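Have a look at start.csv; it's CSV, C-alpha atoms:
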chain,number,residue,atom,x,y,z
A,1,MET,CA,-45.6,34.9,-66.6
A,2,SER,CA,-42.8,32.4,-66.3
A,3,SER,CA,-41.1,33.8,-69.3
A,4,PHE,CA,-41.2,37.3,-67.8
A,5,ARG,CA,-39.5,36.0,-64.6
A,6,LYS,CA,-36.8,34.3,-66.6
A,7,ALA,CA,-36.2,37.5,-68.4
A,8,LEU,CA,-35.8,39.5,-65.2
A,9,LYS,CA,-33.5,36.9,-63.7
A,10,SER,CA,-31.3,37.0,-66.7
A,11,LYS,CA,-31.0,40.8,-66.4
A,12,GLN,CA,-30.0,40.6,-62.7
A,13,ARG,CA,-26.3,40.4,-61.9
A,14,ASP,CA,-24.7,38.6,-58.9
A,15,HIS,CA,-23.7,41.0,-56.1
A,16,LYS,CA,-20.0,40.9,-55.6
A,17,GLU,CA,-18.2,42.8,-52.8
A,18,ARG,CA,-15.4,45.0,-53.9
A,19,SER,CA,-11.8,44.0,-53.3
A,20,GLN,CA,-9.1,46.0,-51.5
A,21,LEU,CA,-8.3,49.2,-53.2
A,22,GLY,CA,-5.0,49.4,-55.0
A,23,PHE,CA,-3.3,52.0,-52.7
A,24,ARG,CA,-4.4,49.8,-49.6
A,25,LYS,CA,-3.0,46.5,-50.8
A,26,HIS,CA,-0.2,46.7,-48.3
A,27,LEU,CA,-2.9,46.4,-45.5
A,28,GLY,CA,-3.8,42.9,-46.7
A,29,LEU,CA,-7.1,41.5,-47.8
A,30,LEU,CA,-10.2,43.5,-47.3
A,31,GLU,CA,-12.4,42.1,-44.5
A,32,LYS,CA,-15.8,40.9,-45.8
A,33,LYS,CA,-19.0,40.8,-43.8
A,34,LYS,CA,-18.8,37.0,-43.3
A,35,ASP,CA,-15.3,37.4,-41.8
A,36,TYR,CA,-16.6,40.2,-39.4
A,37,LYS,CA,-19.5,38.0,-38.5
A,38,LEU,CA,-17.3,35.1,-37.4
A,39,ARG,CA,-15.0,37.4,-35.4
A,40,ALA,CA,-18.0,39.1,-33.8
A,41,ASP,CA,-19.7,35.8,-32.8
A,42,ASP,CA,-16.4,34.5,-31.3
A,43,TYR,CA,-16.0,37.8,-29.3
A,44,HIS,CA,-19.6,37.7,-27.9
A,45,ARG,CA,-19.3,34.0,-27.0
A,46,LYS,CA,-16.2,34.7,-24.9
A,47,GLN,CA,-17.8,37.6,-23.3
A,48,LYS,CA,-20.8,35.5,-22.3
A,49,THR,CA,-18.5,32.9,-20.8
A,50,LEU,CA,-16.6,35.5,-18.7
A,51,MET,CA,-19.9,37.0,-17.5
A,52,ALA,CA,-21.2,33.5,-16.5
A,53,LEU,CA,-17.9,32.8,-14.6
A,54,ARG,CA,-18.1,36.2,-12.8
A,55,LYS,CA,-21.7,35.5,-11.8
A,56,LYS,CA,-20.8,32.0,-10.5
A,57,ALA,CA,-17.9,33.4,-8.4
A,58,MET,CA,-20.2,36.1,-6.9
A,59,ASP,CA,-22.9,33.5,-6.0
A,60,LYS,CA,-20.4,31.0,-4.6
A,61,ASN,CA,-21.3,29.8,-1.1
A,62,PRO,CA,-18.2,30.0,1.2
A,63,ASP,CA,-19.4,27.0,3.2
A,64,GLU,CA,-19.8,24.8,0.1
A,65,PHE,CA,-18.3,21.3,0.4
A,66,HIS,CA,-17.2,18.8,-2.2
A,67,PHE,CA,-15.7,15.4,-1.7
A,68,LYS,CA,-12.6,16.2,-3.8
A,69,MET,CA,-11.7,18.9,-1.3
A,70,ILE,CA,-10.5,16.0,1.0
A,71,HIS,CA,-7.9,14.8,-1.5
A,72,ASN,CA,-7.0,18.1,-3.1
A,73,GLN,CA,-5.3,21.2,-1.7
A,74,LEU,CA,-4.2,24.6,-2.9
A,75,LYS,CA,-0.4,25.3,-2.9
A,76,ASP,CA,0.8,28.6,-4.3
A,77,GLY,CA,-2.4,28.9,-6.4
A,78,VAL,CA,-2.0,25.4,-7.9
A,79,HIS,CA,-4.3,22.5,-7.1
A,80,VAL,CA,-2.3,19.5,-5.8
A,81,ILE,CA,-3.7,16.1,-5.4
A,82,LYS,CA,-2.8,14.4,-2.1
A,83,PRO,CA,-1.0,11.0,-2.7
A,84,LYS,CA,-3.2,8.1,-1.7
A,85,GLU,CA,-2.0,5.4,0.7
A,86,VAL,CA,-0.2,2.6,-1.0
A,87,GLU,CA,-2.7,-0.3,-1.1
A,88,MET,CA,-0.4,-2.9,-2.5
A,89,THR,CA,3.3,-3.2,-2.8
A,90,GLU,CA,5.0,-3.8,-6.2
A,91,GLU,CA,5.9,-7.3,-5.0
A,92,GLN,CA,2.3,-8.1,-4.3
A,93,LYS,CA,1.1,-6.7,-7.7
A,94,LYS,CA,3.7,-8.8,-9.5
A,95,MET,CA,2.8,-11.9,-7.7
A,96,MET,CA,-0.9,-11.4,-8.3
A,97,ARG,CA,-0.4,-10.8,-12.0
A,98,THR,CA,1.7,-13.9,-12.6
A,99,GLN,CA,0.5,-16.5,-10.2
A,100,ASP,CA,-2.9,-17.8,-9.0
A,101,ILE,CA,-4.2,-18.6,-5.6
A,102,ARG,CA,-3.4,-22.3,-5.8
A,103,TYR,CA,0.3,-21.6,-6.4
A,104,VAL,CA,0.4,-19.0,-3.6
A,105,GLU,CA,-1.3,-21.4,-1.2
A,106,MET,CA,1.2,-24.2,-2.1
A,107,LYS,CA,4.2,-22.0,-1.4
A,108,ARG,CA,2.6,-20.8,1.8
A,109,VAL,CA,2.1,-24.3,3.1
A,110,SER,CA,5.7,-25.1,2.1
A,111,GLU,CA,6.9,-22.1,4.2
A,112,MET,CA,4.8,-23.2,7.1
A,113,LYS,CA,6.3,-26.6,7.1
A,114,LYS,CA,9.8,-25.1,7.0
A,115,ILE,CA,8.9,-22.8,9.9
A,116,GLU,CA,7.7,-25.7,12.0
A,117,ARG,CA,10.8,-27.7,11.3
A,118,MET,CA,13.1,-24.8,12.3
A,119,LYS,CA,11.1,-24.2,15.5
A,120,SER,CA,11.5,-27.9,16.5
A,121,GLU,CA,15.2,-27.7,15.9
A,122,LEU,CA,15.8,-24.4,17.7
A,123,HIS,CA,13.6,-25.0,20.7
A,124,PHE,CA,13.6,-21.2,21.1
A,125,LEU,CA,16.7,-21.0,23.3
A,126,ASP,CA,18.0,-17.7,24.5
A,127,VAL,CA,20.5,-16.4,21.9
A,128,ASN,CA,22.3,-13.8,24.0
A,129,GLU,CA,22.4,-16.0,27.1
A,130,GLU,CA,21.3,-13.0,29.2
A,131,LYS,CA,19.2,-13.3,32.3
A,132,LYS,CA,15.9,-11.7,31.5
A,133,ASN,CA,14.1,-13.0,34.6
A,134,LYS,CA,15.1,-12.6,38.2
A,135,HIS,CA,15.6,-15.5,40.6
A,136,VAL,CA,15.2,-14.4,44.2
A,137,PHE,CA,16.6,-16.5,47.1
A,138,PHE,CA,15.3,-16.0,50.6
A,139,VAL,CA,17.5,-16.6,53.7
A,140,ASP,CA,16.9,-16.3,57.4
A,141,SER,CA,19.8,-14.0,58.6
A,142,LYS,CA,22.2,-11.4,57.4
A,143,LYS,CA,25.1,-13.8,58.1
A,144,GLU,CA,23.7,-16.2,55.5
A,145,VAL,CA,23.4,-13.3,53.0
A,146,GLU,CA,27.1,-12.4,53.5
A,147,ASP,CA,28.2,-16.1,53.2
A,148,PHE,CA,25.7,-16.8,50.3
A,149,ASP,CA,27.3,-19.0,47.6
A,150,LEU,CA,25.2,-19.1,44.4
A,151,ALA,CA,27.0,-22.1,42.9
A,152,LYS,CA,26.4,-24.1,46.2
A,153,ARG,CA,22.8,-23.1,46.3
A,154,LEU,CA,22.2,-24.2,42.7
A,155,ASN,CA,24.2,-27.3,43.3
A,156,THR,CA,26.4,-26.7,40.3
A,157,VAL,CA,30.0,-25.7,39.5
A,158,PRO,CA,30.9,-22.0,39.4
A,159,ASP,CA,31.7,-22.0,35.7
A,160,LEU,CA,28.0,-22.9,34.9
A,161,VAL,CA,26.4,-20.3,37.1
A,162,GLY,CA,26.1,-17.7,34.3
A,163,ARG,CA,24.1,-20.0,32.1
A,164,VAL,CA,20.3,-19.6,31.9
A,165,TYR,CA,19.9,-23.1,30.2
A,166,ASN,CA,21.7,-26.4,30.1
A,167,ARG,CA,23.0,-26.0,33.7
A,168,PRO,CA,23.6,-29.5,35.1
A,169,THR,CA,24.0,-30.3,38.7
A,170,ILE,CA,27.1,-31.7,40.4
A,171,GLU,CA,25.6,-35.2,40.6
A,172,THR,CA,24.8,-35.1,36.9
A,173,LEU,CA,28.3,-34.1,36.1
A,174,LYS,CA,29.7,-36.9,38.2
A,175,ASN,CA,27.4,-39.7,36.9
A,176,LYS,CA,27.0,-38.7,33.3
A,177,SER,CA,29.2,-37.3,30.5
A,178,ILE,CA,28.5,-33.9,29.1
A,179,LEU,CA,27.3,-33.9,25.5
A,180,GLY,CA,28.1,-31.0,23.2
A,181,ALA,CA,30.6,-28.2,23.4
A,182,VAL,CA,32.0,-26.9,26.6
A,183,GLU,CA,34.7,-24.5,25.5
A,184,SER,CA,34.0,-20.8,25.5
A,185,LYS,CA,35.1,-20.3,21.9
A,186,THR,CA,32.9,-23.1,20.7
A,187,LEU,CA,30.0,-21.8,22.7
A,188,LYS,CA,30.3,-18.3,21.2
A,189,LYS,CA,30.4,-19.8,17.7
A,190,LEU,CA,27.2,-21.8,18.5
A,191,ALA,CA,25.5,-18.7,19.8
A,192,LYS,CA,26.3,-16.9,16.6
A,193,GLU,CA,24.9,-19.7,14.5
A,194,ARG,CA,21.8,-19.8,16.6
A,195,LYS,CA,21.3,-16.1,16.2
A,196,GLN,CA,21.5,-16.5,12.4
A,197,GLN,CA,19.0,-19.3,12.5
A,198,TYR,CA,16.5,-17.1,14.5
A,199,LEU,CA,17.0,-14.4,11.8
A,200,ARG,CA,16.2,-16.8,9.0
A,201,LEU,CA,13.2,-18.0,11.0
A,202,SER,CA,11.8,-14.5,11.4
A,203,GLU,CA,12.3,-13.9,7.6
A,204,ARG,CA,10.4,-17.0,6.8
A,205,ILE,CA,7.5,-16.0,9.2
A,206,ASP,CA,7.3,-12.6,7.5
A,207,ARG,CA,7.3,-14.3,4.0
A,208,GLU,CA,4.5,-16.7,5.1
A,209,GLN,CA,2.4,-13.7,6.4
A,210,LYS,CA,2.8,-11.8,3.1
A,211,MET,CA,1.7,-14.9,1.1
A,212,PHE,CA,-1.3,-15.2,3.3
A,213,VAL,CA,-2.3,-11.6,2.6
A,214,ILE,CA,-1.8,-12.1,-1.2
A,215,SER,CA,-4.0,-15.2,-1.2
A,216,GLN,CA,-6.7,-13.3,0.7
A,217,LYS,CA,-6.6,-10.5,-1.9
A,218,ILE,CA,-6.8,-12.9,-4.8
A,219,GLN,CA,-9.8,-14.6,-3.1
A,220,THR,CA,-11.5,-11.2,-2.6
A,221,ARG,CA,-11.1,-10.3,-6.3
A,222,LYS,CA,-12.6,-13.7,-7.2
A,223,ASP,CA,-15.6,-13.1,-4.9
A,224,LEU,CA,-16.2,-9.7,-6.5
A,225,GLN,CA,-16.8,-11.3,-9.8
A,226,ASP,CA,-20.1,-12.7,-8.6
A,227,LYS,CA,-23.1,-10.7,-9.5
A,228,VAL,CA,-24.3,-10.0,-6.0
A,229,LYS,CA,-25.0,-6.6,-4.4
A,230,LYS,CA,-22.1,-5.6,-2.1
A,231,VAL,CA,-21.0,-2.7,0.0
A,232,LYS,CA,-17.3,-1.8,0.6
A,233,VAL,CA,-16.7,-1.7,4.4
A,234,ARG,CA,-12.9,-1.1,4.5
A,235,ASN,CA,-10.3,-0.2,1.9
A,236,GLU,CA,-7.5,-2.5,0.9
A,237,THR,CA,-4.1,-1.9,2.5
A,238,SER,CA,-0.6,-3.4,2.1
A,239,THR,CA,-1.2,-5.8,5.1
A,240,ALA,CA,-4.9,-6.7,4.7
A,241,PRO,CA,-7.4,-7.2,1.9
A,242,ALA,CA,-10.5,-5.0,1.3
A,243,ILE,CA,-13.6,-6.0,3.3
A,244,TYR,CA,-17.0,-6.1,1.6
A,245,ARG,CA,-20.5,-6.9,3.0
A,246,PHE,CA,-22.5,-9.0,0.5
A,247,GLU,CA,-26.2,-9.2,0.3
A,248,ALA,CA,-27.6,-12.3,1.9
A,249,LYS,CA,-29.1,-14.4,-0.9
A,250,ARG,CA,-31.1,-17.6,-0.3
A,251,LYS,CA,-29.9,-20.5,-2.3
A,252,ARG,CA,-32.6,-22.6,-4.0
Here is a file; write its structure as structure tokens.
Amino acid sequence: MSSFRKALKSKQRDHKERSQLGFRKHLGLLEKKKDYKLRADDYHRKQKTLMALRKKAMDKNPDEFHFKMIHNQLKDGVHVIKPKEVEMTEEQKKMMRTQDIRYVEMKRVSEMKKIERMKSELHFLDVNEEKKNKHVFFVDSKKEVEDFDLAKRLNTVPDLVGRVYNRPTIETLKNKSILGAVESKTLKKLAKERKQQYLRLSERIDREQKMFVISQKIQTRKDLQDKVKKVKVRNETSTAPAIYRFEAKRKR
């Protein structure tokens, strides 16, 4: 029986599809069934995808909500992502990448000492020498109002009436010598220098506050490394670190 099957198999010839006819060679290769099958499967797959998308669009709920709708918007048919608020400035990122919390705290303490030293030297005197507060004098009659002399009432010389600080009385001028500058040109120069000192002081105060924020952010990132359940309460901003609520865990 086996020899009979071998004889039949030897007589059978492999089926071969014909090639393109000679007068149709300019049309290219003759498409075989396997080529048609691949093309047909690709066509039907695309048609099924289009039908599924049409059905999804027909069944769409107009009141449907997704969280990405808050941050995305449609402009001229194109989805645009709204820019997020800047959480950290480039200066803060650079500082956090290169320095640690101990270095930042050391620099912050140094700035605080410099600020205290400048405050003790300046005494927060008025830079512009302008009267911000009103001083009211009460008299008994209209005649006293007409004859009112401010220098006499303040017991000082008329040249010092316009000052809001360092205004000695006549007795002090007679008994003691005046220390410091008294010329108008020198006083203007001192006022200008005092204004510059106040500007430097405000810059140092801003720098110290920025360092304090950086140290808080570094400490927050260190706390997040602990394997404790936590919930984010407030996002990080350029002026404050993120706030987390940690699960209370009893220490043994």
TODO: Please measure the separation of atom CA of A:His66 and atom CA of A:Met51, giving the value in Å to one decimal.
DONE: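 The value is 23.9 Å.
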Near stretch 27-36 of chain A, counting all atoms listed in the file, which residues have an atom at most 9 Å away, once you skip same-chain residues fewer than 6 positions from it, shown as a CSV table (one decimal) with C-alpha atoms, in the frame of the given file?
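Output (selection_20.csv):
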chain,number,residue,atom,x,y,z
A,17,GLU,CA,-18.2,42.8,-52.8
A,18,ARG,CA,-15.4,45.0,-53.9
A,19,SER,CA,-11.8,44.0,-53.3
A,20,GLN,CA,-9.1,46.0,-51.5
A,21,LEU,CA,-8.3,49.2,-53.2
Near-A:Thr156 list (8 Å; only C-alpha atoms; drop same-chain fewer than 6 positions) as an mmCIF file with C-alpha atoms, keeping the file's coordinate frame:
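Saved to around.cif:
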data_model
loop_
_atom_site.group_PDB
_atom_site.id
_atom_site.type_symbol
_atom_site.label_atom_id
_atom_site.label_comp_id
_atom_site.auth_asym_id
_atom_site.auth_seq_id
_atom_site.Cartn_x
_atom_site.Cartn_y
_atom_site.Cartn_z
ATOM 1 C CA ARG A 167 23.000 -26.000 33.700
ATOM 2 C CA PRO A 168 23.600 -29.500 35.100
ATOM 3 C CA THR A 169 24.000 -30.300 38.700
ATOM 4 C CA ILE A 170 27.100 -31.700 40.400
#
Open item on the list: Neighbouring residues of stretch 230-244 of chain A were defined as those with any atom within 9 Å, considering all atoms listed in the file; residues of the same chain fewer than 5 positions away were excluded. Please report them as a PyMOL selection string.
Closed with: chain A and resi 85-89+92+209-210+213-214+216-218+220+224
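Picture a line from atom CA of A:Phe212 to atom CA of A:Tyr198; it runs 21.1 Å.
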Task: Separation of atom CA of A:Asp223 from atom CA of A:Arg245 in Å - done: 11.2 Å
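Distance check against A:Lys114 using all atoms listed in the file: of A:Arg200, A:His79, A:Arg39, A:Lys185, the minimum falls on A:Arg200.
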Open item on the list: Calculated over only C-alpha atoms, which of the candidates A:Lys56, A:Lys222, A:His26, A:Arg117 has the smallest distance to A:Asp100?
Closed with: A:Lys222
Task: Among the residues A:Asp59, A:Glu111, A:Asp42, A:Asp159, the one that comes closest to A:Arg207 [using all atoms listed in the file] - done: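 Closest candidate: A:Glu111.
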